[in-house]
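J.: File follows, final-v3.txt with compact mmCIF, C-alpha atoms:
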# COMPACT_ATOMS: atom_id res chain seq x y z
CA MET A 1 100.58 33.39 -125.64
CA ALA A 2 99.89 35.57 -128.69
CA GLU A 3 101.12 39.15 -128.68
CA THR A 4 98.54 41.76 -127.81
CA ILE A 5 98.60 45.54 -127.68
CA PHE A 6 99.19 45.18 -123.94
CA SER A 7 102.11 42.78 -124.26
CA LYS A 8 103.65 45.26 -126.69
CA ILE A 9 103.06 48.18 -124.31
CA LEU A 10 104.57 46.12 -121.46
CA ALA A 11 107.58 45.37 -123.66
CA GLY A 12 107.99 49.05 -124.48
CA GLU A 13 107.32 48.45 -128.19
CA ILE A 14 104.23 50.69 -128.23
CA PRO A 15 104.06 53.96 -126.25
CA ALA A 16 101.35 54.54 -123.65
CA ASP A 17 100.48 57.24 -121.13
CA LYS A 18 101.61 55.36 -118.03
CA VAL A 19 100.38 56.47 -114.58
CA TRP A 20 101.66 53.45 -112.55
CA ASP A 21 104.51 51.00 -112.95
CA ASP A 22 105.53 48.31 -110.45
CA PRO A 23 106.98 44.79 -110.66
CA HIS A 24 103.50 43.25 -111.06
CA CYS A 25 101.53 45.68 -113.23
CA ILE A 26 101.24 49.00 -115.00
CA ALA A 27 98.32 51.44 -115.30
CA ILE A 28 97.79 53.51 -118.43
CA ARG A 29 95.20 55.92 -119.78
CA ASP A 30 92.63 54.28 -122.09
CA ILE A 31 93.04 55.66 -125.62
CA SER A 32 89.25 55.62 -126.05
CA PRO A 33 88.11 57.11 -122.71
CA GLN A 34 84.50 56.57 -121.63
CA ALA A 35 84.70 59.03 -118.72
CA PRO A 36 86.82 62.10 -117.83
CA VAL A 37 89.24 59.69 -116.14
CA HIS A 38 89.57 56.23 -117.72
CA LEU A 39 92.57 54.12 -116.75
CA LEU A 40 93.50 50.46 -117.31
CA VAL A 41 95.42 48.39 -114.77
CA ILE A 42 97.30 45.64 -116.62
CA PRO A 43 99.26 42.78 -115.03
CA ARG A 44 102.66 41.89 -116.47
CA LYS A 45 101.56 38.23 -116.35
CA PRO A 46 99.55 37.57 -119.52
CA ILE A 47 96.35 35.94 -118.22
CA GLU A 48 93.96 35.70 -121.16
CA THR A 49 90.63 36.23 -119.36
CA ILE A 50 89.54 36.61 -115.75
CA ASP A 51 87.94 33.16 -116.23
CA ASP A 52 91.47 31.81 -116.76
CA ALA A 53 92.79 33.21 -113.46
CA ALA A 54 93.85 30.33 -111.20
CA PRO A 55 93.58 30.18 -107.41
CA GLN A 56 97.31 30.97 -107.25
CA ASP A 57 96.61 34.25 -109.08
CA THR A 58 94.45 35.64 -106.27
CA ALA A 59 97.26 37.70 -104.73
CA LEU A 60 97.87 39.30 -108.12
CA LEU A 61 94.13 39.99 -108.64
CA GLY A 62 94.00 41.64 -105.24
CA HIS A 63 97.04 43.75 -105.97
CA LEU A 64 95.53 44.91 -109.27
CA THR A 65 92.34 45.93 -107.45
CA TRP A 66 94.31 47.83 -104.82
CA VAL A 67 96.39 49.57 -107.51
CA ALA A 68 93.14 50.56 -109.26
CA ALA A 69 91.94 52.24 -106.05
CA GLU A 70 95.36 53.86 -105.55
CA VAL A 71 95.58 55.34 -109.06
CA ALA A 72 91.97 56.53 -108.66
CA ARG A 73 93.06 58.37 -105.48
CA ARG A 74 96.01 59.91 -107.31
CA GLU A 75 93.60 61.15 -109.98
CA GLY A 76 91.49 62.80 -107.27
CA LEU A 77 88.59 60.35 -107.56
CA GLY A 78 88.67 59.00 -104.00
CA SER A 79 86.03 61.20 -102.40
CA ASN A 80 83.47 61.34 -105.23
CA GLY A 81 84.03 57.76 -106.25
CA TYR A 82 84.46 55.75 -109.43
CA ARG A 83 83.69 52.39 -111.04
CA LEU A 84 86.04 49.42 -111.60
CA VAL A 85 85.16 46.96 -114.39
CA TRP A 86 86.51 43.58 -115.50
CA ASN A 87 85.17 42.46 -118.88
CA CYS A 88 85.32 38.72 -119.55
CA ARG A 89 85.09 37.33 -123.10
CA ASP A 90 82.39 38.32 -125.62
CA ASP A 91 79.38 38.86 -123.35
CA GLY A 92 81.54 40.98 -121.07
CA GLY A 93 82.83 43.07 -123.98
CA GLN A 94 86.48 42.08 -123.55
CA GLU A 95 88.51 43.42 -126.49
CA VAL A 96 92.10 42.41 -125.65
CA PRO A 97 92.90 38.82 -124.52
CA HIS A 98 95.11 39.97 -121.63
CA ILE A 99 93.19 40.86 -118.47
CA HIS A 100 92.87 44.52 -117.54
CA LEU A 101 90.85 46.37 -114.93
CA HIS A 102 89.04 49.52 -116.09
CA VAL A 103 88.93 52.52 -113.72
CA LEU A 104 86.24 55.06 -114.71
CA GLY A 105 85.46 58.31 -112.91
CA GLY A 106 85.05 62.05 -113.07
CA ARG A 107 81.35 61.71 -113.91
CA ARG A 108 78.34 60.00 -112.36
CA MET A 109 78.27 56.45 -113.71
CA LYS A 110 74.84 55.11 -114.69
CA TRP A 111 73.05 51.84 -113.89
CA PRO A 112 72.94 49.21 -115.31
CA PRO A 113 76.66 49.07 -116.01
CA GLY A 114 76.21 48.50 -119.75
CA MET B 1 80.43 50.12 -88.39
CA ALA B 2 76.74 50.80 -89.06
CA GLU B 3 74.48 47.88 -89.91
CA THR B 4 73.70 47.44 -93.59
CA ILE B 5 71.49 45.06 -95.50
CA PHE B 6 74.63 43.00 -96.15
CA SER B 7 75.70 42.82 -92.51
CA LYS B 8 72.17 41.62 -91.72
CA ILE B 9 72.30 39.00 -94.48
CA LEU B 10 75.74 37.87 -93.23
CA ALA B 11 74.31 37.61 -89.71
CA GLY B 12 71.36 35.56 -90.99
CA GLU B 13 68.86 38.22 -89.94
CA ILE B 14 67.62 38.77 -93.51
CA PRO B 15 67.18 35.90 -95.99
CA ALA B 16 69.02 35.86 -99.32
CA ASP B 17 69.41 33.50 -102.24
CA LYS B 18 72.94 32.35 -101.46
CA VAL B 19 75.06 30.69 -104.16
CA TRP B 20 78.43 30.70 -102.32
CA ASP B 21 79.46 30.63 -98.68
CA ASP B 22 83.03 30.36 -97.36
CA PRO B 23 84.96 31.72 -94.35
CA HIS B 24 85.75 34.98 -96.17
CA CYS B 25 82.66 35.82 -98.21
CA ILE B 26 79.25 34.90 -99.53
CA ALA B 27 77.67 35.35 -102.98
CA ILE B 28 73.97 36.02 -103.38
CA ARG B 29 71.56 36.83 -106.19
CA ASP B 30 70.87 40.57 -106.59
CA ILE B 31 67.22 41.29 -105.75
CA SER B 32 67.10 43.85 -108.58
CA PRO B 33 68.89 41.95 -111.38
CA GLN B 34 70.24 43.94 -114.33
CA ALA B 35 71.02 40.85 -116.43
CA PRO B 36 69.76 37.24 -116.62
CA VAL B 37 72.43 36.37 -114.06
CA HIS B 38 73.29 39.04 -111.50
CA LEU B 39 75.20 38.00 -108.38
CA LEU B 40 76.93 39.92 -105.60
CA VAL B 41 80.11 38.70 -103.89
CA ILE B 42 80.23 40.16 -100.37
CA PRO B 43 83.13 39.87 -97.90
CA ARG B 44 82.36 39.06 -94.27
CA LYS B 45 84.76 41.88 -93.32
CA PRO B 46 82.76 45.14 -93.49
CA ILE B 47 84.96 47.41 -95.62
CA GLU B 48 82.90 50.53 -96.39
CA THR B 49 84.17 51.32 -99.90
CA ILE B 50 86.85 49.93 -102.20
CA ASP B 51 88.67 53.24 -101.54
CA ASP B 52 88.89 52.16 -97.87
CA ALA B 53 90.56 48.82 -98.67
CA ALA B 54 94.05 48.77 -97.15
CA PRO B 55 97.16 47.08 -98.59
CA GLN B 56 96.59 44.24 -96.09
CA ASP B 57 93.17 43.63 -97.71
CA THR B 58 94.65 42.67 -101.08
CA ALA B 59 94.47 38.92 -100.43
CA LEU B 60 90.78 39.31 -99.61
CA LEU B 61 90.15 41.44 -102.72
CA GLY B 62 91.83 38.79 -104.85
CA HIS B 63 89.80 36.03 -103.26
CA LEU B 64 86.56 37.95 -103.92
CA THR B 65 87.55 38.33 -107.57
CA TRP B 66 88.37 34.64 -107.92
CA VAL B 67 85.07 33.69 -106.22
CA ALA B 68 83.24 35.98 -108.69
CA ALA B 69 84.80 34.06 -111.59
CA GLU B 70 84.04 30.74 -109.90
CA VAL B 71 80.35 31.50 -109.27
CA ALA B 72 80.13 32.78 -112.86
CA ARG B 73 81.47 29.38 -114.04
CA ARG B 74 78.91 27.57 -111.87
CA GLU B 75 76.17 29.67 -113.48
CA GLY B 76 77.41 28.58 -116.91
CA LEU B 77 78.84 31.99 -117.85
CA GLY B 78 82.47 30.93 -118.32
CA SER B 79 82.51 30.39 -122.08
CA ASN B 80 80.33 33.31 -123.20
CA GLY B 81 81.68 35.67 -120.57
CA TYR B 82 80.39 38.25 -118.11
CA ARG B 83 81.21 41.57 -116.47
CA LEU B 84 82.47 42.20 -112.92
CA VAL B 85 81.81 45.65 -111.39
CA TRP B 86 82.95 47.43 -108.22
CA ASN B 87 81.02 50.66 -107.55
CA CYS B 88 82.79 53.16 -105.29
CA ARG B 89 80.84 55.95 -103.57
CA ASP B 90 78.38 58.29 -105.33
CA ASP B 91 80.00 58.66 -108.77
CA GLY B 92 80.38 54.88 -108.91
CA GLY B 93 76.75 54.33 -107.97
CA GLN B 94 77.50 52.46 -104.73
CA GLU B 95 74.26 51.92 -102.79
CA VAL B 96 75.34 49.90 -99.74
CA PRO B 97 78.40 51.00 -97.67
CA HIS B 98 79.87 47.49 -97.50
CA ILE B 99 81.92 46.51 -100.54
CA HIS B 100 80.42 44.01 -102.97
CA LEU B 101 81.46 42.80 -106.42
CA HIS B 102 78.70 42.60 -109.05
CA VAL B 103 78.75 39.65 -111.49
CA LEU B 104 76.53 40.26 -114.55
CA GLY B 105 76.01 37.86 -117.44
CA GLY B 106 73.63 35.92 -119.61
CA ARG B 107 73.37 38.81 -122.07
CA ARG B 108 75.78 40.90 -124.11
CA MET B 109 76.91 43.79 -121.89
CA LYS B 110 77.14 47.20 -123.58
CA TRP B 111 79.86 49.86 -123.62
CA PRO B 112 80.36 52.23 -121.86
CA PRO B 113 79.70 50.41 -118.61
CA GLY B 114 77.12 52.92 -117.39
Please rewrite the model in this file as structure tokens.

T.:
Amino acid sequence: MAETIFSKILAGEIPADKVWDDPHCIAIRDISPQAPVHLLVIPRKPIETIDDAAPQDTALLGHLTWVAAEVARREGLGSNGYRLVWNCRDDGGQEVPHIHLHVLGGRRMKWPPG
Amino acid sequence: MAETIFSKILAGEIPADKVWDDPHCIAIRDISPQAPVHLLVIPRKPIETIDDAAPQDTALLGHLTWVAAEVARREGLGSNGYRLVWNCRDDGGQEVPHIHLHVLGGRRMKWPPG
């Protein structure tokens, strides 16, 4: 697995504004926020794309989704709401080949979602 | 739990173009598609918003995510990619109070995601 900005953040080689840290994942603030709150939930396991997630990764995927909702609550987004986004490969707009779940809130998100 | 269009589809009271059906969820085509392929993965369990998902729902959330990737593969989206979207409450643009995961592909998705 090639190094990515996320593997370097997970290894502590690059600093990040961390809002969650557990044995399975971290959540950090996106350095190019697209909403007043824009977080990324990143698994420690380096899965390249969501298309590469195996059936045995489902527990991890569920945990990442629950953590996304939990960090959204901690940011005060629970009652007004927010959007969670997985980008897969080029058509999805994925920029780092290590899966990450975007949490966007603090403004009304528009439709379509990009 | 109030009836929704999804509870009625799950009960077979309203027809839908179903592309997946298992003991935990179904996937259907969105009737107002925002991309050449636009599917919805809907759990049988009626969770109102992703903010209402409990820690014991993580296995289900992971399964829904894996099914989204699997139906995307079956639609031929695996290699070019796609976007998965959870909308939560008003700021997220959620329209039906029964969680559902959007799968959008067949075109290049833009950024920001709405």

J.: Which residues of chain A are close to chain B, meaning at most 8 Å apart when you count only C-alpha atoms, and how do they look as an NGL selection string?

T.: :A and (34 or 50-51 or 53-55 or 57-63 or 65-66 or 69-70 or 73 or 78-93 or 105-114)

J.: Output, as a PDB file with C-alpha atoms, keeping the file's coordinate frame, the coordinates of chain B following least-squares superposition onto chain A across all in-order C-alpha pairs.

T.:
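Dumped to result.pdb:
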ATOM      1  CA  MET B   1     100.644  33.381-125.648  1.00  0.00           C
ATOM      2  CA  ALA B   2      99.892  35.569-128.677  1.00  0.00           C
ATOM      3  CA  GLU B   3     101.128  39.151-128.681  1.00  0.00           C
ATOM      4  CA  THR B   4      98.535  41.771-127.810  1.00  0.00           C
ATOM      5  CA  ILE B   5      98.601  45.536-127.687  1.00  0.00           C
ATOM      6  CA  PHE B   6      99.185  45.191-123.936  1.00  0.00           C
ATOM      7  CA  SER B   7     102.111  42.790-124.249  1.00  0.00           C
ATOM      8  CA  LYS B   8     103.654  45.273-126.694  1.00  0.00           C
ATOM      9  CA  ILE B   9     103.073  48.184-124.310  1.00  0.00           C
ATOM     10  CA  LEU B  10     104.571  46.125-121.448  1.00  0.00           C
ATOM     11  CA  ALA B  11     107.582  45.363-123.652  1.00  0.00           C
ATOM     12  CA  GLY B  12     107.982  49.060-124.496  1.00  0.00           C
ATOM     13  CA  GLU B  13     107.313  48.446-128.184  1.00  0.00           C
ATOM     14  CA  ILE B  14     104.225  50.693-128.219  1.00  0.00           C
ATOM     15  CA  PRO B  15     104.048  53.962-126.253  1.00  0.00           C
ATOM     16  CA  ALA B  16     101.349  54.558-123.639  1.00  0.00           C
ATOM     17  CA  ASP B  17     100.470  57.235-121.127  1.00  0.00           C
ATOM     18  CA  LYS B  18     101.604  55.372-118.023  1.00  0.00           C
ATOM     19  CA  VAL B  19     100.379  56.456-114.578  1.00  0.00           C
ATOM     20  CA  TRP B  20     101.648  53.449-112.555  1.00  0.00           C
ATOM     21  CA  ASP B  21     104.509  51.005-112.955  1.00  0.00           C
ATOM     22  CA  ASP B  22     105.529  48.311-110.453  1.00  0.00           C
ATOM     23  CA  PRO B  23     106.970  44.773-110.655  1.00  0.00           C
ATOM     24  CA  HIS B  24     103.496  43.246-111.068  1.00  0.00           C
ATOM     25  CA  CYS B  25     101.535  45.669-113.235  1.00  0.00           C
ATOM     26  CA  ILE B  26     101.235  48.985-115.004  1.00  0.00           C
ATOM     27  CA  ALA B  27      98.321  51.439-115.297  1.00  0.00           C
ATOM     28  CA  ILE B  28      97.789  53.502-118.422  1.00  0.00           C
ATOM     29  CA  ARG B  29      95.202  55.920-119.772  1.00  0.00           C
ATOM     30  CA  ASP B  30      92.633  54.284-122.085  1.00  0.00           C
ATOM     31  CA  ILE B  31      93.046  55.654-125.621  1.00  0.00           C
ATOM     32  CA  SER B  32      89.252  55.623-126.049  1.00  0.00           C
ATOM     33  CA  PRO B  33      88.113  57.104-122.708  1.00  0.00           C
ATOM     34  CA  GLN B  34      84.496  56.579-121.645  1.00  0.00           C
ATOM     35  CA  ALA B  35      84.690  59.040-118.735  1.00  0.00           C
ATOM     36  CA  PRO B  36      86.817  62.091-117.825  1.00  0.00           C
ATOM     37  CA  VAL B  37      89.229  59.678-116.152  1.00  0.00           C
ATOM     38  CA  HIS B  38      89.569  56.232-117.712  1.00  0.00           C
ATOM     39  CA  LEU B  39      92.567  54.101-116.745  1.00  0.00           C
ATOM     40  CA  LEU B  40      93.494  50.465-117.311  1.00  0.00           C
ATOM     41  CA  VAL B  41      95.424  48.384-114.766  1.00  0.00           C
ATOM     42  CA  ILE B  42      97.301  45.634-116.623  1.00  0.00           C
ATOM     43  CA  PRO B  43      99.275  42.775-115.034  1.00  0.00           C
ATOM     44  CA  ARG B  44     102.675  41.885-116.473  1.00  0.00           C
ATOM     45  CA  LYS B  45     101.572  38.227-116.342  1.00  0.00           C
ATOM     46  CA  PRO B  46      99.547  37.566-119.523  1.00  0.00           C
ATOM     47  CA  ILE B  47      96.362  35.934-118.213  1.00  0.00           C
ATOM     48  CA  GLU B  48      93.952  35.700-121.164  1.00  0.00           C
ATOM     49  CA  THR B  49      90.633  36.235-119.360  1.00  0.00           C
ATOM     50  CA  ILE B  50      89.529  36.608-115.748  1.00  0.00           C
ATOM     51  CA  ASP B  51      87.928  33.157-116.225  1.00  0.00           C
ATOM     52  CA  ASP B  52      91.473  31.804-116.760  1.00  0.00           C
ATOM     53  CA  ALA B  53      92.799  33.209-113.466  1.00  0.00           C
ATOM     54  CA  ALA B  54      93.846  30.329-111.207  1.00  0.00           C
ATOM     55  CA  PRO B  55      93.581  30.182-107.398  1.00  0.00           C
ATOM     56  CA  GLN B  56      97.322  30.973-107.258  1.00  0.00           C
ATOM     57  CA  ASP B  57      96.597  34.261-109.091  1.00  0.00           C
ATOM     58  CA  THR B  58      94.448  35.654-106.278  1.00  0.00           C
ATOM     59  CA  ALA B  59      97.267  37.700-104.733  1.00  0.00           C
ATOM     60  CA  LEU B  60      97.868  39.304-108.125  1.00  0.00           C
ATOM     61  CA  LEU B  61      94.143  39.988-108.640  1.00  0.00           C
ATOM     62  CA  GLY B  62      93.997  41.648-105.234  1.00  0.00           C
ATOM     63  CA  HIS B  63      97.048  43.748-105.975  1.00  0.00           C
ATOM     64  CA  LEU B  64      95.521  44.906-109.284  1.00  0.00           C
ATOM     65  CA  THR B  65      92.357  45.932-107.444  1.00  0.00           C
ATOM     66  CA  TRP B  66      94.297  47.840-104.797  1.00  0.00           C
ATOM     67  CA  VAL B  67      96.393  49.567-107.501  1.00  0.00           C
ATOM     68  CA  ALA B  68      93.138  50.561-109.264  1.00  0.00           C
ATOM     69  CA  ALA B  69      91.944  52.246-106.060  1.00  0.00           C
ATOM     70  CA  GLU B  70      95.350  53.857-105.548  1.00  0.00           C
ATOM     71  CA  VAL B  71      95.575  55.334-109.064  1.00  0.00           C
ATOM     72  CA  ALA B  72      91.970  56.525-108.658  1.00  0.00           C
ATOM     73  CA  ARG B  73      93.051  58.363-105.464  1.00  0.00           C
ATOM     74  CA  ARG B  74      96.005  59.917-107.306  1.00  0.00           C
ATOM     75  CA  GLU B  75      93.593  61.145-109.986  1.00  0.00           C
ATOM     76  CA  GLY B  76      91.489  62.794-107.276  1.00  0.00           C
ATOM     77  CA  LEU B  77      88.585  60.336-107.562  1.00  0.00           C
ATOM     78  CA  GLY B  78      88.673  58.996-103.997  1.00  0.00           C
ATOM     79  CA  SER B  79      86.035  61.215-102.400  1.00  0.00           C
ATOM     80  CA  ASN B  80      83.478  61.354-105.224  1.00  0.00           C
ATOM     81  CA  GLY B  81      84.037  57.760-106.263  1.00  0.00           C
ATOM     82  CA  TYR B  82      84.466  55.735-109.439  1.00  0.00           C
ATOM     83  CA  ARG B  83      83.684  52.390-111.046  1.00  0.00           C
ATOM     84  CA  LEU B  84      86.033  49.428-111.590  1.00  0.00           C
ATOM     85  CA  VAL B  85      85.163  46.966-114.394  1.00  0.00           C
ATOM     86  CA  TRP B  86      86.514  43.576-115.488  1.00  0.00           C
ATOM     87  CA  ASN B  87      85.166  42.462-118.887  1.00  0.00           C
ATOM     88  CA  CYS B  88      85.326  38.715-119.538  1.00  0.00           C
ATOM     89  CA  ARG B  89      85.077  37.344-123.089  1.00  0.00           C
ATOM     90  CA  ASP B  90      82.385  38.332-125.619  1.00  0.00           C
ATOM     91  CA  ASP B  91      79.359  38.871-123.349  1.00  0.00           C
ATOM     92  CA  GLY B  92      81.543  40.995-121.075  1.00  0.00           C
ATOM     93  CA  GLY B  93      82.812  43.070-123.982  1.00  0.00           C
ATOM     94  CA  GLN B  94      86.474  42.090-123.549  1.00  0.00           C
ATOM     95  CA  GLU B  95      88.505  43.410-126.496  1.00  0.00           C
ATOM     96  CA  VAL B  96      92.091  42.415-125.660  1.00  0.00           C
ATOM     97  CA  PRO B  97      92.890  38.822-124.516  1.00  0.00           C
ATOM     98  CA  HIS B  98      95.096  39.958-121.626  1.00  0.00           C
ATOM     99  CA  ILE B  99      93.190  40.847-118.466  1.00  0.00           C
ATOM    100  CA  HIS B 100      92.883  44.515-117.543  1.00  0.00           C
ATOM    101  CA  LEU B 101      90.847  46.369-114.922  1.00  0.00           C
ATOM    102  CA  HIS B 102      89.039  49.520-116.097  1.00  0.00           C
ATOM    103  CA  VAL B 103      88.918  52.517-113.717  1.00  0.00           C
ATOM    104  CA  LEU B 104      86.246  55.067-114.731  1.00  0.00           C
ATOM    105  CA  GLY B 105      85.463  58.310-112.927  1.00  0.00           C
ATOM    106  CA  GLY B 106      85.063  62.046-113.073  1.00  0.00           C
ATOM    107  CA  ARG B 107      81.367  61.711-113.907  1.00  0.00           C
ATOM    108  CA  ARG B 108      78.351  60.013-112.370  1.00  0.00           C
ATOM    109  CA  MET B 109      78.274  56.442-113.712  1.00  0.00           C
ATOM    110  CA  LYS B 110      74.841  55.101-114.688  1.00  0.00           C
ATOM    111  CA  TRP B 111      73.039  51.849-113.883  1.00  0.00           C
ATOM    112  CA  PRO B 112      72.950  49.213-115.300  1.00  0.00           C
ATOM    113  CA  PRO B 113      76.663  49.060-116.008  1.00  0.00           C
ATOM    114  CA  GLY B 114      76.224  48.499-119.741  1.00  0.00           C
TER     115      GLY B 114
END

J.: When you draw a straight line from atom CA of Ala2 of chain B to atom CA of Trp20 of chain B, how long is it in Å?

T.: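 Answer for the atom CA of Ala2 of chain B to atom CA of Trp20 of chain B separation: 24.1 Å.
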
J.: Calculate how many Å separate atom CA of Ile5 of chain A from atom CA of Val71 of chain A, rounding to one decimal.

T.: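 Atom-to-atom, atom CA of Ile5 of chain A and atom CA of Val71 of chain A are spaced 21.3 Å apart.
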
J.: Could you please determine the separation between atom CA of Pro23 of chain B and atom CA of Glu95 of chain B in Å, to one decimal place?

T.: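 Going from atom CA of Pro23 of chain B over to atom CA of Glu95 of chain B, I get 24.4 Å.
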
J.: Please return the centre and edge lengths, in Å to one decimal, of a box with edges along x, y and z that contains all listed atoms of segment 60-65 of chain A, widened by 3 Å on every side, as AutoDock Vina command-line options.

T.:
--center_x 95.1 --center_y 42.6 --center_z -107.3 --size_x 11.5 --size_y 12.6 --size_z 10.0

J.: Contacts of Ile14 of chain A at 12 Å or less, counting all atoms listed in the file, minus same-chain residues fewer than 6 places along, as JSON, numbers by chain?

T.: {"A": [3, 4, 5, 6, 7, 8]}

J.: Let's have the selection written as an mmCIF file, in the frame of the given file, with C-alpha atoms.

T.:
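Done, and the output landed in part-v6.cif:
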data_model
loop_
_atom_site.group_PDB
_atom_site.id
_atom_site.type_symbol
_atom_site.label_atom_id
_atom_site.label_comp_id
_atom_site.auth_asym_id
_atom_site.auth_seq_id
_atom_site.Cartn_x
_atom_site.Cartn_y
_atom_site.Cartn_z
ATOM 1 C CA GLU A 3 101.120 39.150 -128.680
ATOM 2 C CA THR A 4 98.540 41.760 -127.810
ATOM 3 C CA ILE A 5 98.600 45.540 -127.680
ATOM 4 C CA PHE A 6 99.190 45.180 -123.940
ATOM 5 C CA SER A 7 102.110 42.780 -124.260
ATOM 6 C CA LYS A 8 103.650 45.260 -126.690
#

J.: Using only C-alpha atoms, find the one residue out of A:Ile28, A:Val96, A:Leu10, A:Val19 that sits nearest to Leu40 of chain A.

T.: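 So, comparing all the options, the nearest one is A:Ile28.
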
J.: Using the structure block above, produce a file of segment 16-36 of chain B that contains N, CA and C atoms, as a CSV table (one decimal), in the first residue's frame.

T.:
chain,number,residue,atom,x,y,z
B,16,ALA,N,-41.9,-0.5,-6.8
B,16,ALA,CA,-40.6,0.2,-7.0
B,16,ALA,C,-39.7,-0.7,-7.9
B,17,ASP,N,-38.7,0.0,-8.5
B,17,ASP,CA,-37.8,-0.8,-9.4
B,17,ASP,C,-36.7,-1.3,-8.5
B,18,LYS,N,-36.8,-2.5,-8.1
B,18,LYS,CA,-35.9,-3.1,-7.1
B,18,LYS,C,-34.7,-3.7,-7.7
B,19,VAL,N,-33.5,-3.4,-7.3
B,19,VAL,CA,-32.3,-4.0,-7.8
B,19,VAL,C,-31.6,-4.9,-6.8
B,20,TRP,N,-32.1,-4.9,-5.5
B,20,TRP,CA,-31.5,-5.7,-4.5
B,20,TRP,C,-32.5,-6.0,-3.4
B,21,ASP,N,-32.5,-7.2,-2.9
B,21,ASP,CA,-33.5,-7.5,-1.8
B,21,ASP,C,-32.8,-8.6,-1.0
B,22,ASP,N,-32.6,-8.3,0.3
B,22,ASP,CA,-32.1,-9.3,1.2
B,22,ASP,C,-32.8,-9.2,2.6
B,23,PRO,N,-32.5,-10.0,3.5
B,23,PRO,CA,-33.2,-9.9,4.8
B,23,PRO,C,-33.1,-8.6,5.6
B,24,HIS,N,-32.1,-7.8,5.2
B,24,HIS,CA,-31.8,-6.6,6.0
B,24,HIS,C,-32.2,-5.3,5.2
B,25,CYS,N,-32.2,-5.4,3.9
B,25,CYS,CA,-32.4,-4.1,3.1
B,25,CYS,C,-32.9,-4.4,1.7
B,26,ILE,N,-33.3,-3.4,1.0
B,26,ILE,CA,-33.6,-3.4,-0.4
B,26,ILE,C,-32.8,-2.3,-1.0
B,27,ALA,N,-32.6,-2.3,-2.4
B,27,ALA,CA,-32.1,-1.2,-3.1
B,27,ALA,C,-33.0,-1.0,-4.3
B,28,ILE,N,-33.4,0.3,-4.5
B,28,ILE,CA,-34.3,0.6,-5.6
B,28,ILE,C,-33.8,1.8,-6.4
B,29,ARG,N,-34.3,2.0,-7.6
B,29,ARG,CA,-33.9,3.2,-8.4
B,29,ARG,C,-34.7,4.4,-7.9
B,30,ASP,N,-34.0,5.5,-7.7
B,30,ASP,CA,-34.6,6.8,-7.3
B,30,ASP,C,-35.6,7.2,-8.4
B,31,ILE,N,-36.8,7.6,-8.1
B,31,ILE,CA,-37.7,8.1,-9.1
B,31,ILE,C,-37.4,9.5,-9.6
B,32,SER,N,-36.5,10.2,-9.0
B,32,SER,CA,-36.1,11.5,-9.4
B,32,SER,C,-34.5,11.5,-9.6
B,33,PRO,N,-34.0,10.7,-10.5
B,33,PRO,CA,-32.5,10.5,-10.6
B,33,PRO,C,-31.7,11.7,-10.8
B,34,GLN,N,-30.6,11.9,-10.1
B,34,GLN,CA,-29.7,13.0,-10.2
B,34,GLN,C,-28.5,12.7,-11.0
B,35,ALA,N,-28.4,11.5,-11.5
B,35,ALA,CA,-27.2,11.0,-12.3
B,35,ALA,C,-27.7,9.8,-13.1
B,36,PRO,N,-27.0,9.4,-14.2
B,36,PRO,CA,-27.4,8.3,-15.0
B,36,PRO,C,-27.8,7.0,-14.2
